[in-house]
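Trainee: Take a look at this one; I'll ask things after.
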Amino acid sequence: MTNFTGSPGTGLRVGVLALQGGVREHAAAIAATGAAAVPVRRPGDLEGLSGLVLPGGESTTMGKLLRTYGLADPLEDAISGGFPVYGSCAGLILLADHLVDPATDRDGRPQETLGGLDILVRRNAFGRQRESFETQLVFDGLDSLPSLPPGAEPPPVQAVFIRAPEVEKAGDSVRVLARVRDAQPGPVPLPSMNRSADPGMVSAPEPDSVARIVAVRSGNLLATSFHPEITGELRIHELFIQMIRGEA
């Protein structure tokens, strides 16, 4: 965990989409930067905001509520106009231009996203609730944060993955900030003709380690597959504040 030495968000009003999901935790993280955290439920709540956080939750439910409450169109316009937005977990899904496996409604229509990030995303890529896990990640772009002493190497980011999506492909305009290594089983070899060591044993190769994209940035859009707000890992929000200020 990193503690702030100052208040980089002072004077900013940052919205947190408050229709469903981890609203309280993100609001607390935003407040910890010194910014005012503003719940967003209606189009009028977007007035005067410097940026917006799309929290984790159920992306299908959030997408439906965005349209029910008339927020989808103004948000799409704002995003295309360069409005800073950070999305975590379900928020990443909402910012994706393309989904591998979109949910469908009763009429077979695929779920809609807000878009803005040229990425292809797979929902629930790491498994269901019981496959949730916590790990440390090397995260690019944190070396200029005011909470880091000059010349120091940023420590790993503490990341919690809960029914998390992954970015399967990222376009040329998208910068990959973090990957998580995932062990994938390698091919099983044919039995060896040399059984002198143990005639009943056939060795398999070590699993291939696949690096899966879990954090990206493009312009004023930032997205993570994981939940930094749960562990008190505030540097992702601090980076977002820097993006709002044009300092990162």
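Lettering and numbering for the structure tokens are positional, with chains as A, B, ... in the shown order, residues counted from 1 in each chain, and ligands counted from 1 in the shown order.
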Quick one: residues within 9 Å of Leu145 (chain A), only C-alpha atoms counted, chain neighbours fewer than 2 positions away excluded, as a ChimeraX atom specification?
Mentor: /A:141-143,147-149,235,238-239,242,248
Trainee: As a list in words, please: the residues near region 56-68 of chain A (cut-off 6 Å, only C-alpha atoms, same-chain neighbours under 4 positions excluded).
Mentor: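 What passes the distance filter is Gly21, Gly22, Ala72, Ser88, Cys89, Ala90 and Gly91 of chain A.
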Trainee: Using only C-alpha atoms, which protein or nucleic acid residues come within 6 Å of region 105-116 of chain A? Drop anything in the same chain fewer than 5 positions from it, and give the result as number ranges by chain.
Mentor: A: 76, 94-97
Trainee: Using the selection just defined, write its residues with N, CA, C and O atoms as an mmCIF file, in the first residue's frame.
Mentor:
```
data_model
loop_
_atom_site.group_PDB
_atom_site.id
_atom_site.type_symbol
_atom_site.label_atom_id
_atom_site.label_comp_id
_atom_site.auth_asym_id
_atom_site.auth_seq_id
_atom_site.Cartn_x
_atom_site.Cartn_y
_atom_site.Cartn_z
ATOM 1 N N GLU A 76 -21.166 8.452 -23.796
ATOM 2 C CA GLU A 76 -20.494 8.117 -25.052
ATOM 3 C C GLU A 76 -19.969 9.383 -25.727
ATOM 4 O O GLU A 76 -18.842 9.403 -26.247
ATOM 5 N N LEU A 94 -17.183 -2.070 -19.929
ATOM 6 C CA LEU A 94 -18.008 -0.988 -20.463
ATOM 7 C C LEU A 94 -17.224 -0.070 -21.400
ATOM 8 O O LEU A 94 -17.803 0.523 -22.314
ATOM 9 N N LEU A 95 -15.907 0.032 -21.193
ATOM 10 C CA LEU A 95 -15.089 0.903 -22.035
ATOM 11 C C LEU A 95 -14.579 0.204 -23.296
ATOM 12 O O LEU A 95 -13.998 0.854 -24.167
ATOM 13 N N ALA A 96 -14.783 -1.098 -23.397
ATOM 14 C CA ALA A 96 -14.264 -1.858 -24.531
ATOM 15 C C ALA A 96 -15.098 -1.626 -25.789
ATOM 16 O O ALA A 96 -16.324 -1.573 -25.745
ATOM 17 N N ASP A 97 -14.406 -1.504 -26.922
ATOM 18 C CA ASP A 97 -15.106 -1.414 -28.205
ATOM 19 C C ASP A 97 -15.668 -2.763 -28.637
ATOM 20 O O ASP A 97 -16.680 -2.829 -29.340
#
```
Trainee: Quick one: of A:Ala28, A:Ile230, A:Ala37, A:Leu177, who's nearest to Arg212 (chain A), counting only C-alpha atoms?
Mentor: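 Smallest separation from Arg212 (chain A) among the options: A:Leu177.
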Trainee: Just asking: which residues within region 25-219 of chain A are helix (DSSP H, G or I) according to DSSP, as a PyMOL selection string?
Mentor: chain A and resi 25-32+43-46+59-68+72-80+90-95+129-131
Trainee: Write out the residues from the selection above, keeping N, CA and C atoms, as a compact mmCIF listing (two decimals), in the first residue's frame.
Mentor:
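File produced: again.txt:
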```txt
# COMPACT_ATOMS: atom_id res chain seq x y z
N GLU A 25 -16.17 2.00 -2.28
CA GLU A 25 -14.72 1.82 -2.23
C GLU A 25 -14.00 2.78 -3.17
N HIS A 26 -14.55 2.97 -4.37
CA HIS A 26 -13.93 3.91 -5.30
C HIS A 26 -14.08 5.35 -4.81
N ALA A 27 -15.22 5.67 -4.23
CA ALA A 27 -15.42 7.02 -3.69
C ALA A 27 -14.39 7.30 -2.59
N ALA A 28 -14.12 6.30 -1.75
CA ALA A 28 -13.13 6.48 -0.69
C ALA A 28 -11.73 6.68 -1.27
N ALA A 29 -11.40 5.94 -2.32
CA ALA A 29 -10.08 6.08 -2.95
C ALA A 29 -9.93 7.45 -3.60
N ILE A 30 -10.98 7.92 -4.25
CA ILE A 30 -10.95 9.25 -4.86
C ILE A 30 -10.78 10.32 -3.78
N ALA A 31 -11.54 10.18 -2.70
CA ALA A 31 -11.44 11.15 -1.60
C ALA A 31 -10.04 11.15 -1.00
N ALA A 32 -9.38 9.99 -0.99
CA ALA A 32 -8.03 9.90 -0.43
C ALA A 32 -7.01 10.68 -1.25
N PRO A 43 -28.01 12.14 -15.82
CA PRO A 43 -27.19 12.95 -16.71
C PRO A 43 -26.76 14.27 -16.09
N GLY A 44 -27.64 14.90 -15.31
CA GLY A 44 -27.29 16.17 -14.70
C GLY A 44 -26.14 16.08 -13.72
N ASP A 45 -25.89 14.86 -13.19
CA ASP A 45 -24.79 14.69 -12.23
C ASP A 45 -23.42 14.81 -12.90
N LEU A 46 -23.39 14.76 -14.22
CA LEU A 46 -22.12 14.86 -14.94
C LEU A 46 -21.61 16.29 -15.03
N SER A 59 -21.49 -5.99 -15.41
CA SER A 59 -21.44 -5.13 -16.59
C SER A 59 -22.76 -5.11 -17.35
N THR A 60 -23.47 -6.25 -17.38
CA THR A 60 -24.75 -6.28 -18.10
C THR A 60 -25.78 -5.40 -17.38
N THR A 61 -25.83 -5.52 -16.05
CA THR A 61 -26.77 -4.72 -15.27
C THR A 61 -26.43 -3.24 -15.39
N MET A 62 -25.15 -2.91 -15.27
CA MET A 62 -24.73 -1.52 -15.36
C MET A 62 -25.05 -0.95 -16.73
N GLY A 63 -24.83 -1.73 -17.78
CA GLY A 63 -25.13 -1.26 -19.13
C GLY A 63 -26.61 -0.96 -19.32
N LYS A 64 -27.47 -1.84 -18.79
CA LYS A 64 -28.92 -1.61 -18.89
C LYS A 64 -29.34 -0.37 -18.11
N LEU A 65 -28.78 -0.22 -16.90
CA LEU A 65 -29.15 0.94 -16.08
C LEU A 65 -28.64 2.24 -16.69
N LEU A 66 -27.48 2.20 -17.34
CA LEU A 66 -26.98 3.40 -18.02
C LEU A 66 -27.98 3.90 -19.04
N ARG A 67 -28.63 2.98 -19.73
CA ARG A 67 -29.60 3.38 -20.75
C ARG A 67 -30.95 3.71 -20.13
N THR A 68 -31.32 3.00 -19.08
CA THR A 68 -32.58 3.30 -18.39
C THR A 68 -32.58 4.71 -17.82
N ALA A 72 -26.19 6.74 -20.97
CA ALA A 72 -25.34 6.13 -21.99
C ALA A 72 -24.94 7.13 -23.07
N ASP A 73 -25.89 7.81 -23.66
CA ASP A 73 -25.58 8.72 -24.77
C ASP A 73 -24.68 9.88 -24.34
N PRO A 74 -24.98 10.58 -23.24
CA PRO A 74 -24.07 11.66 -22.84
C PRO A 74 -22.68 11.15 -22.47
N LEU A 75 -22.58 9.95 -21.91
CA LEU A 75 -21.27 9.42 -21.58
C LEU A 75 -20.49 9.03 -22.83
N GLU A 76 -21.17 8.45 -23.80
CA GLU A 76 -20.49 8.12 -25.05
C GLU A 76 -19.97 9.38 -25.73
N ASP A 77 -20.78 10.44 -25.71
CA ASP A 77 -20.34 11.71 -26.30
C ASP A 77 -19.15 12.28 -25.53
N ALA A 78 -19.21 12.21 -24.20
CA ALA A 78 -18.12 12.74 -23.38
C ALA A 78 -16.83 11.98 -23.61
N ILE A 79 -16.93 10.65 -23.68
CA ILE A 79 -15.74 9.82 -23.90
C ILE A 79 -15.11 10.13 -25.26
N SER A 80 -15.94 10.24 -26.28
CA SER A 80 -15.40 10.54 -27.61
C SER A 80 -14.80 11.94 -27.66
N ALA A 90 -15.75 -4.50 -14.30
CA ALA A 90 -16.90 -4.25 -15.17
C ALA A 90 -16.75 -2.94 -15.92
N GLY A 91 -16.07 -1.98 -15.29
CA GLY A 91 -15.81 -0.71 -15.96
C GLY A 91 -14.94 -0.86 -17.18
N LEU A 92 -13.98 -1.81 -17.12
CA LEU A 92 -13.17 -2.10 -18.30
C LEU A 92 -14.04 -2.65 -19.43
N ILE A 93 -14.95 -3.54 -19.08
CA ILE A 93 -15.87 -4.10 -20.08
C ILE A 93 -16.69 -3.00 -20.73
N LEU A 94 -17.18 -2.07 -19.93
CA LEU A 94 -18.01 -0.99 -20.46
C LEU A 94 -17.22 -0.07 -21.40
N LEU A 95 -15.91 0.03 -21.19
CA LEU A 95 -15.09 0.90 -22.04
C LEU A 95 -14.58 0.20 -23.30
N GLN A 129 -16.61 -16.74 -9.24
CA GLN A 129 -16.33 -16.14 -7.93
C GLN A 129 -15.31 -16.96 -7.13
N ARG A 130 -15.41 -18.27 -7.16
CA ARG A 130 -14.53 -19.10 -6.34
C ARG A 130 -13.10 -19.13 -6.87
N GLU A 131 -12.88 -18.67 -8.10
CA GLU A 131 -11.52 -18.59 -8.65
C GLU A 131 -10.89 -17.21 -8.42
```
